[in-house]
>>> print(open('target.tsv').read())   # TSV, C-alpha atoms
chain	number	residue	atom	x	y	z
A	1240	MET	CA	-72.27	11.60	-26.55
A	1241	LYS	CA	-68.55	11.27	-25.91
A	1242	TYR	CA	-68.73	12.71	-22.40
A	1243	LEU	CA	-72.02	11.22	-21.33
A	1244	ASN	CA	-72.04	8.90	-18.34
A	1245	ARG	CA	-72.67	5.86	-20.52
A	1246	LYS	CA	-73.64	3.38	-17.79
A	1247	ILE	CA	-76.25	5.68	-16.28
A	1248	TYR	CA	-77.48	6.66	-19.75
A	1249	LEU	CA	-77.87	2.99	-20.72
A	1250	TRP	CA	-79.81	2.14	-17.57
A	1251	LEU	CA	-82.04	5.19	-17.99
A	1252	THR	CA	-82.75	4.18	-21.59
A	1253	ILE	CA	-83.72	0.69	-20.52
A	1254	ILE	CA	-85.93	1.90	-17.66
A	1255	ILE	CA	-87.64	4.55	-19.80
A	1256	SER	CA	-88.16	2.07	-22.66
A	1257	VAL	CA	-89.74	-0.45	-20.29
A	1258	GLY	CA	-91.90	2.36	-18.92
A	1259	PHE	CA	-93.09	3.30	-22.42
A	1260	TYR	CA	-93.82	-0.36	-23.14
A	1261	LEU	CA	-95.85	-0.88	-19.96
A	1262	LEU	CA	-97.70	2.40	-20.54
A	1263	TYR	CA	-98.64	1.27	-24.04
A	1264	LEU	CA	-99.95	-2.05	-22.72
A	1265	SER	CA	-102.00	-0.27	-20.05
A	1266	LEU	CA	-103.58	2.01	-22.66
A	1267	PHE	CA	-104.02	-0.69	-25.30
A	1268	PRO	CA	-104.34	-4.07	-23.54
A	1269	VAL	CA	-103.48	-7.18	-25.54
A	1270	LYS	CA	-106.68	-9.10	-26.25
A	1271	GLU	CA	-105.11	-12.16	-27.82
A	1272	LYS	CA	-102.01	-13.13	-25.89
A	1273	THR	CA	-99.56	-14.07	-28.63
A	1274	LEU	CA	-95.87	-13.26	-29.01
A	1275	LEU	CA	-96.56	-11.14	-32.09
A	1276	ASN	CA	-99.10	-9.00	-30.23
A	1277	TYR	CA	-96.64	-8.42	-27.40
A	1278	LEU	CA	-93.97	-7.39	-29.90
A	1279	LYS	CA	-96.15	-4.87	-31.73
A	1280	PRO	CA	-95.66	-2.04	-29.17
A	1281	ILE	CA	-91.87	-2.09	-29.76
A	1282	THR	CA	-92.08	0.17	-32.84
A	1283	THR	CA	-94.00	2.74	-30.79
A	1284	VAL	CA	-91.49	2.46	-27.94
A	1285	VAL	CA	-88.56	3.01	-30.34
A	1286	THR	CA	-90.32	6.07	-31.78
A	1287	CYS	CA	-90.86	7.49	-28.28
A	1288	ASP	CA	-87.22	6.82	-27.42
A	1289	ALA	CA	-86.07	8.62	-30.59
A	1290	ILE	CA	-88.22	11.66	-29.75
A	1291	LEU	CA	-86.85	11.72	-26.20
A	1292	VAL	CA	-83.24	11.53	-27.47
A	1293	PHE	CA	-83.95	14.44	-29.83
A	1294	LEU	CA	-85.40	16.50	-26.98
A	1295	PHE	CA	-82.47	15.57	-24.76
A	1296	GLU	CA	-79.85	16.66	-27.30
A	1297	LYS	CA	-81.78	19.85	-28.10
A	1298	TRP	CA	-82.84	21.13	-24.68
A	1299	ILE	CA	-82.93	18.65	-21.80
A	1300	TRP	CA	-79.13	18.33	-21.46
A	1301	LYS	CA	-79.05	21.97	-20.28
A	1302	TRP	CA	-81.05	21.20	-17.13
A	1303	LYS	CA	-78.78	21.76	-14.15
A	1304	ILE	CA	-80.33	18.83	-12.31
A	1305	LEU	CA	-78.68	16.48	-14.85
A	1306	HIS	CA	-75.20	17.93	-14.56
A	1307	SER	CA	-72.38	16.11	-12.79
A	1308	TRP	CA	-74.18	12.74	-12.61
A	1309	LEU	CA	-75.32	12.39	-16.26
A	1310	VAL	CA	-73.97	15.35	-18.24
A	1311	PRO	CA	-70.48	16.10	-16.87
A	1312	PHE	CA	-69.90	19.41	-18.65
A	1313	PRO	CA	-71.72	22.69	-17.86
A	1314	ASN	CA	-73.82	24.82	-20.18
A	1315	LEU	CA	-71.43	27.56	-21.33
A	1316	ASN	CA	-73.77	29.23	-23.83
A	1317	GLY	CA	-73.60	33.02	-23.92
A	1318	THR	CA	-71.03	35.79	-23.73
A	1319	TRP	CA	-68.04	35.88	-21.40
A	1320	LYS	CA	-65.85	38.89	-20.71
A	1321	GLY	CA	-62.45	39.44	-19.17
A	1322	TYR	CA	-58.82	40.06	-20.05
A	1323	ILE	CA	-55.93	38.62	-22.01
A	1324	LYS	CA	-52.56	38.89	-20.26
A	1325	SER	CA	-50.00	38.44	-23.02
A	1326	ASN	CA	-46.31	37.65	-22.58
A	1327	TRP	CA	-45.56	39.38	-25.88
A	1328	ILE	CA	-42.95	42.14	-25.61
A	1329	ASP	CA	-43.87	45.32	-27.43
A	1330	PRO	CA	-40.79	46.37	-29.45
A	1331	ILE	CA	-41.76	50.01	-28.97
A	1332	THR	CA	-41.93	50.00	-25.17
A	1333	GLN	CA	-39.88	46.84	-24.50
A	1334	LYS	CA	-42.62	45.85	-22.05
A	1335	LYS	CA	-45.59	43.54	-21.94
A	1336	PRO	CA	-48.88	45.24	-22.85
A	1337	ALA	CA	-51.49	46.00	-20.22
A	1338	PRO	CA	-54.32	43.45	-19.89
A	1339	ILE	CA	-56.34	43.39	-23.11
A	1340	PRO	CA	-60.16	43.56	-22.75
A	1341	VAL	CA	-61.80	40.61	-24.50
A	1342	ILE	CA	-65.11	38.83	-24.95
A	1343	LEU	CA	-65.75	35.19	-25.77
A	1344	THR	CA	-69.06	34.07	-27.28
A	1345	ILE	CA	-69.93	30.40	-26.99
A	1346	LYS	CA	-72.59	28.56	-28.97
A	1347	GLN	CA	-72.99	25.13	-27.47
A	1348	SER	CA	-75.19	22.16	-28.19
A	1349	PHE	CA	-74.97	18.70	-26.65
A	1350	LEU	CA	-72.69	17.48	-29.44
A	1351	ASN	CA	-70.82	20.62	-30.51
A	1352	ILE	CA	-69.30	23.83	-29.17
A	1353	SER	CA	-68.26	26.92	-31.11
A	1354	CYS	CA	-66.03	29.66	-29.64
A	1355	VAL	CA	-65.45	33.16	-31.02
A	1356	MET	CA	-63.09	35.52	-29.19
A	1357	ARG	CA	-63.02	39.25	-29.91
A	1358	THR	CA	-60.90	42.22	-28.87
A	1359	LYS	CA	-60.90	45.71	-30.32
A	1360	GLU	CA	-58.27	44.57	-32.85
A	1361	MET	CA	-58.95	40.93	-33.66
A	1362	GLU	CA	-61.45	38.10	-33.99
A	1363	SER	CA	-60.58	34.43	-33.58
A	1364	ARG	CA	-62.72	31.37	-34.34
A	1365	ASN	CA	-62.14	27.79	-33.34
A	1366	PHE	CA	-61.64	25.07	-35.94
A	1367	ILE	CA	-61.53	22.24	-33.41
A	1368	SER	CA	-62.86	22.14	-29.86
A	1369	GLY	CA	-63.89	19.84	-27.06
A	1370	PHE	CA	-63.98	19.14	-23.34
A	1371	ASP	CA	-61.33	17.43	-21.24
A	1372	ILE	CA	-63.34	15.93	-18.40
A	1373	ASP	CA	-61.96	13.67	-15.68
A	1374	SER	CA	-63.95	13.77	-12.45
A	1375	ASP	CA	-61.60	11.32	-10.73
A	1376	ASN	CA	-58.74	13.80	-11.14
A	1377	GLN	CA	-60.98	16.83	-10.50
A	1378	LYS	CA	-60.41	18.07	-14.04
A	1379	SER	CA	-62.94	20.02	-16.07
A	1380	ARG	CA	-61.55	21.84	-19.08
A	1381	LEU	CA	-62.53	23.42	-22.37
A	1382	VAL	CA	-59.83	23.28	-25.04
A	1383	TYR	CA	-59.87	24.56	-28.59
A	1384	SER	CA	-57.58	25.55	-31.45
A	1385	TYR	CA	-58.34	28.69	-33.39
A	1386	VAL	CA	-57.45	30.98	-36.27
A	1387	SER	CA	-56.98	34.63	-35.30
A	1388	GLU	CA	-57.82	37.36	-37.81
A	1389	PRO	CA	-56.41	40.76	-36.75
A	1390	GLU	CA	-57.93	43.94	-38.13
A	1391	GLN	CA	-56.38	45.12	-41.38
A	1392	SER	CA	-55.14	48.31	-39.69
A	1393	VAL	CA	-52.81	46.37	-37.37
A	1394	ARG	CA	-51.52	43.72	-39.79
A	1395	ASP	CA	-48.11	45.41	-39.80
A	1396	ARG	CA	-47.52	44.16	-36.25
A	1397	SER	CA	-50.11	41.40	-35.89
A	1398	GLN	CA	-50.45	38.82	-38.68
A	1399	GLN	CA	-53.05	36.09	-39.03
A	1400	HIS	CA	-52.05	33.10	-36.93
A	1401	LYS	CA	-53.21	29.88	-35.31
A	1402	GLY	CA	-53.18	29.02	-31.64
A	1403	THR	CA	-54.59	26.81	-28.91
A	1404	ILE	CA	-56.18	27.73	-25.61
A	1405	LEU	CA	-56.95	25.53	-22.64
A	1406	PHE	CA	-59.48	26.79	-20.11
A	1407	ASP	CA	-60.11	25.43	-16.63
A	1408	ILE	CA	-63.86	25.62	-15.94
A	1409	ILE	CA	-64.11	26.97	-12.41
A	1410	LYS	CA	-67.19	27.39	-10.25
A	1411	HIS	CA	-66.65	29.93	-7.49
A	1412	ASN	CA	-69.41	31.35	-5.27
A	1413	SER	CA	-72.03	29.88	-7.66
A	1414	LYS	CA	-70.43	31.77	-10.57
A	1415	LEU	CA	-68.63	30.23	-13.52
A	1416	LYS	CA	-65.20	31.38	-14.67
A	1417	LEU	CA	-62.91	30.33	-17.49
A	1418	ILE	CA	-59.22	30.66	-16.68
A	1419	GLY	CA	-56.57	29.33	-18.98
A	1420	ASN	CA	-53.39	29.66	-20.97
A	1421	TYR	CA	-52.83	30.02	-24.69
A	1422	TRP	CA	-49.92	29.60	-27.06
A	1423	THR	CA	-49.60	30.46	-30.73
A	1424	GLU	CA	-47.50	29.57	-33.75
A	1425	ARG	CA	-45.96	33.06	-33.43
A	1426	GLN	CA	-44.21	31.79	-30.26
A	1427	THR	CA	-46.37	34.00	-28.05
A	1428	THR	CA	-48.11	32.83	-24.90
A	1429	GLY	CA	-50.36	34.29	-22.26
A	1430	LYS	CA	-53.23	33.89	-19.86
A	1431	VAL	CA	-56.95	34.54	-20.33
A	1432	GLU	CA	-59.36	35.14	-17.45
A	1433	LEU	CA	-63.09	35.31	-18.17
A	1434	GLU	CA	-66.31	35.41	-16.19
A	1435	TYR	CA	-69.82	34.72	-17.41
A	1436	TRP	CA	-71.50	37.93	-18.57
A	1437	GLN	CA	-74.84	37.30	-20.25
A	1438	ARG	CA	-76.88	34.68	-22.09
A	1439	LYS	CA	-77.10	36.72	-25.30
A	1440	ARG	CA	-74.24	36.10	-27.73
A	1441	ILE	CA	-72.71	39.45	-28.70
A	1442	GLU	CA	-71.55	39.48	-32.31
A	1443	ILE	CA	-69.32	42.57	-32.11
A	1444	TYR	CA	-66.82	43.80	-29.53
A	1445	PRO	CA	-68.50	46.40	-27.26
A	1446	ASP	CA	-66.56	49.68	-27.21
A	1447	GLU	CA	-67.52	50.29	-23.58
A	1448	LEU	CA	-65.25	47.45	-22.49
A	1449	GLY	CA	-62.21	49.49	-23.41
A	1450	LYS	CA	-59.68	50.05	-26.15
A	1451	HIS	CA	-56.73	47.88	-27.05
A	1452	PRO	CA	-53.74	48.93	-24.88
A	1453	VAL	CA	-51.17	48.45	-27.65
A	1454	SER	CA	-53.02	50.81	-30.00
A	1455	GLU	CA	-53.36	53.33	-27.20
A	1456	THR	CA	-49.61	53.16	-26.53
A	1457	ARG	CA	-48.85	53.70	-30.22
A	1458	LYS	CA	-51.10	56.74	-30.35
A	1459	LYS	CA	-49.33	58.31	-27.38
A	1460	LYS	CA	-45.98	57.76	-29.06
A	1461	GLU	CA	-47.09	59.63	-32.20
>>> encode(input="target.tsv", output="structure tokens")
Amino acid sequence: MKYLNRKIYLWLTIIISVGFYLLYLSLFPVKEKTLLNYLKPITTVVTCDAILVFLFEKWIWKWKILHSWLVPFPNLNGTWKGYIKSNWIDPITQKKPAPIPVILTIKQSFLNISCVMRTKEMESRNFISGFDIDSDNQKSRLVYSYVSEPEQSVRDRSQQHKGTILFDIIKHNSKLKLIGNYWTERQTTGKVELEYWQRKRIEIYPDELGKHPVSETRKKKE
């Protein structure tokens, strides 16, 4: 609950707990007015609170009506598609490659977020991730570090490596976009631009999105 609005959450917990307590007393009135009898409903109230917290962390946090004032980060679950614009210089052409088609699948819960990026030639998975949220400075970001595993067929020019990417979460015309920069331990950098595609998480790169431009250039040179 790192990014939860703690003050609002605390007040909601208190109000809901009091509501559960009063509801219990209305359904099961205290016949003998003693302190012990008034304390008995507390175990039921705590149980109800625990169930509500479970439901909140499982499903309720996704409700759009709660975003911005209670849950500051959006629901990013699903598949995103777009392009990688790398600053890497191809030693064959001495130029930067054309934009590389890419998809990003995100599996997000209230407490965790997992990111898997795929192109025709590689797959990268995060090993640490989180949000950088600061409403006062109008900042809403997703940042994660990853390990990239290129296909075996391109290991001669693209080795396994680690990197970090920082996305700005942008809402434009009611649509979400992820736009950010990345840098790697191979001293390469670039920009990634993604837009939300579909709720289903796609586990393999779709061929219809296009081939990898570097591989296409190499084929033409042969």
>>> axis_aligned_box(input="target.tsv", around="stretch 1258-1269 of chain A", padding_each_side="3 Å", output="JSON")
{"center_x": -98.1, "center_y": -1.9, "center_z": -22.2, "size_x": 18.4, "size_y": 16.5, "size_z": 12.6}
>>> residues_around(input="target.tsv", residues="stretch 1402-1413 of chain A", least_positions_apart="4", cutoff="12 Å", atoms="all atoms listed in the file", output="number ranges by chain")
A: 1311-1315, 1323, 1343, 1354, 1356, 1363-1373, 1377-1388, 1417-1435
>>> residues_around(input="target.tsv", residues="A:Tyr1277", least_positions_apart="4", cutoff="10 Å", atoms="all atoms listed in the file", output="ChimeraX atom specification")
/A:1260,1264,1268-1269,1271-1273,1281
>>> closest_residue(input="target.tsv", among="A:Thr1286, A:Ser1392, A:Ser1397, A:Ser1325", to="A:Phe1259", atoms="all atoms listed in the file")
A:Thr1286
>>> residues_around(input="target.tsv", residues="A:Ser1454", least_positions_apart="4", cutoff="12 Å", atoms="only C-alpha atoms", output="PyMOL selection string")
chain A and resi 1329+1331+1336-1337+1339+1358-1360+1390+1392-1393+1396-1397+1449-1450+1458-1461
>>> closest_residue(input="target.tsv", among="A:Leu1448, A:Leu1274, A:Ile1253, A:Leu1261", to="A:Trp1319", atoms="only C-alpha atoms")
A:Leu1448
>>> closest_residue(input="target.tsv", among="A:Glu1455, A:Asp1375, A:Glu1296, A:Glu1362", to="A:His1400", atoms="all atoms listed in the file")
A:Glu1362
>>> atom_distance(input="target.tsv", atom1="atom CA of A:Ile1328", atom2="atom CA of A:Ile1345")
29.5 Å
>>> atom_distance(input="target.tsv", atom1="atom CA of A:Asp1288", atom2="atom CA of A:Ser1256")
6.8 Å
>>> atom_distance(input="target.tsv", atom1="atom CA of A:Thr1344", atom2="atom CA of A:Thr1318")
4.4 Å
>>> closest_residue(input="target.tsv", among="A:Val1257, A:Ala1289, A:Leu1266, A:Val1310", to="A:Asn1244", atoms="all atoms listed in the file")
A:Val1310
>>> closest_residue(input="target.tsv", among="A:Lys1246, A:His1451, A:Arg1440, A:Arg1457", to="A:Ser1353", atoms="only C-alpha atoms")
A:Arg1440
>>> build_atoms(input="target.tsv", residues="stretch 1395-1412 of chain A", atoms="N, CA and C atoms", output="compact mmCIF listing (two decimals), in the frame of the given file")
# COMPACT_ATOMS: atom_id res chain seq x y z
N ASP A 1395 -49.56 45.17 -39.76
CA ASP A 1395 -48.11 45.41 -39.80
C ASP A 1395 -47.39 44.84 -38.58
N ARG A 1396 -48.12 44.71 -37.47
CA ARG A 1396 -47.52 44.16 -36.25
C ARG A 1396 -48.24 42.93 -35.73
N SER A 1397 -49.34 42.56 -36.36
CA SER A 1397 -50.11 41.40 -35.89
C SER A 1397 -50.71 40.66 -37.09
N GLN A 1398 -50.02 39.60 -37.52
CA GLN A 1398 -50.45 38.82 -38.68
C GLN A 1398 -51.46 37.73 -38.27
N GLN A 1399 -52.16 37.23 -39.28
CA GLN A 1399 -53.05 36.09 -39.03
C GLN A 1399 -52.22 34.92 -38.48
N HIS A 1400 -52.78 34.21 -37.52
CA HIS A 1400 -52.05 33.10 -36.93
C HIS A 1400 -53.00 32.09 -36.30
N LYS A 1401 -52.46 30.93 -35.98
CA LYS A 1401 -53.21 29.88 -35.31
C LYS A 1401 -52.70 29.73 -33.88
N GLY A 1402 -53.58 29.23 -33.03
CA GLY A 1402 -53.18 29.02 -31.64
C GLY A 1402 -54.10 28.02 -30.96
N THR A 1403 -53.79 27.73 -29.73
CA THR A 1403 -54.59 26.81 -28.91
C THR A 1403 -54.75 27.41 -27.53
N ILE A 1404 -55.92 27.23 -26.97
CA ILE A 1404 -56.18 27.73 -25.61
C ILE A 1404 -56.83 26.63 -24.78
N LEU A 1405 -56.42 26.54 -23.55
CA LEU A 1405 -56.95 25.53 -22.64
C LEU A 1405 -57.49 26.22 -21.40
N PHE A 1406 -58.81 26.15 -21.23
CA PHE A 1406 -59.48 26.79 -20.11
C PHE A 1406 -59.82 25.79 -19.01
N ASP A 1407 -59.53 26.14 -17.78
CA ASP A 1407 -60.11 25.43 -16.63
C ASP A 1407 -61.50 26.03 -16.38
N ILE A 1408 -62.50 25.17 -16.24
CA ILE A 1408 -63.86 25.62 -15.94
C ILE A 1408 -64.00 25.62 -14.42
N ILE A 1409 -64.14 26.81 -13.86
CA ILE A 1409 -64.11 26.97 -12.41
C ILE A 1409 -65.43 27.52 -11.90
N LYS A 1410 -65.97 26.89 -10.89
CA LYS A 1410 -67.19 27.39 -10.25
C LYS A 1410 -66.81 27.95 -8.89
N HIS A 1411 -67.03 29.27 -8.73
CA HIS A 1411 -66.65 29.93 -7.49
C HIS A 1411 -67.79 30.83 -7.02
N ASN A 1412 -68.28 30.58 -5.81
CA ASN A 1412 -69.41 31.35 -5.27
C ASN A 1412 -70.60 31.33 -6.23
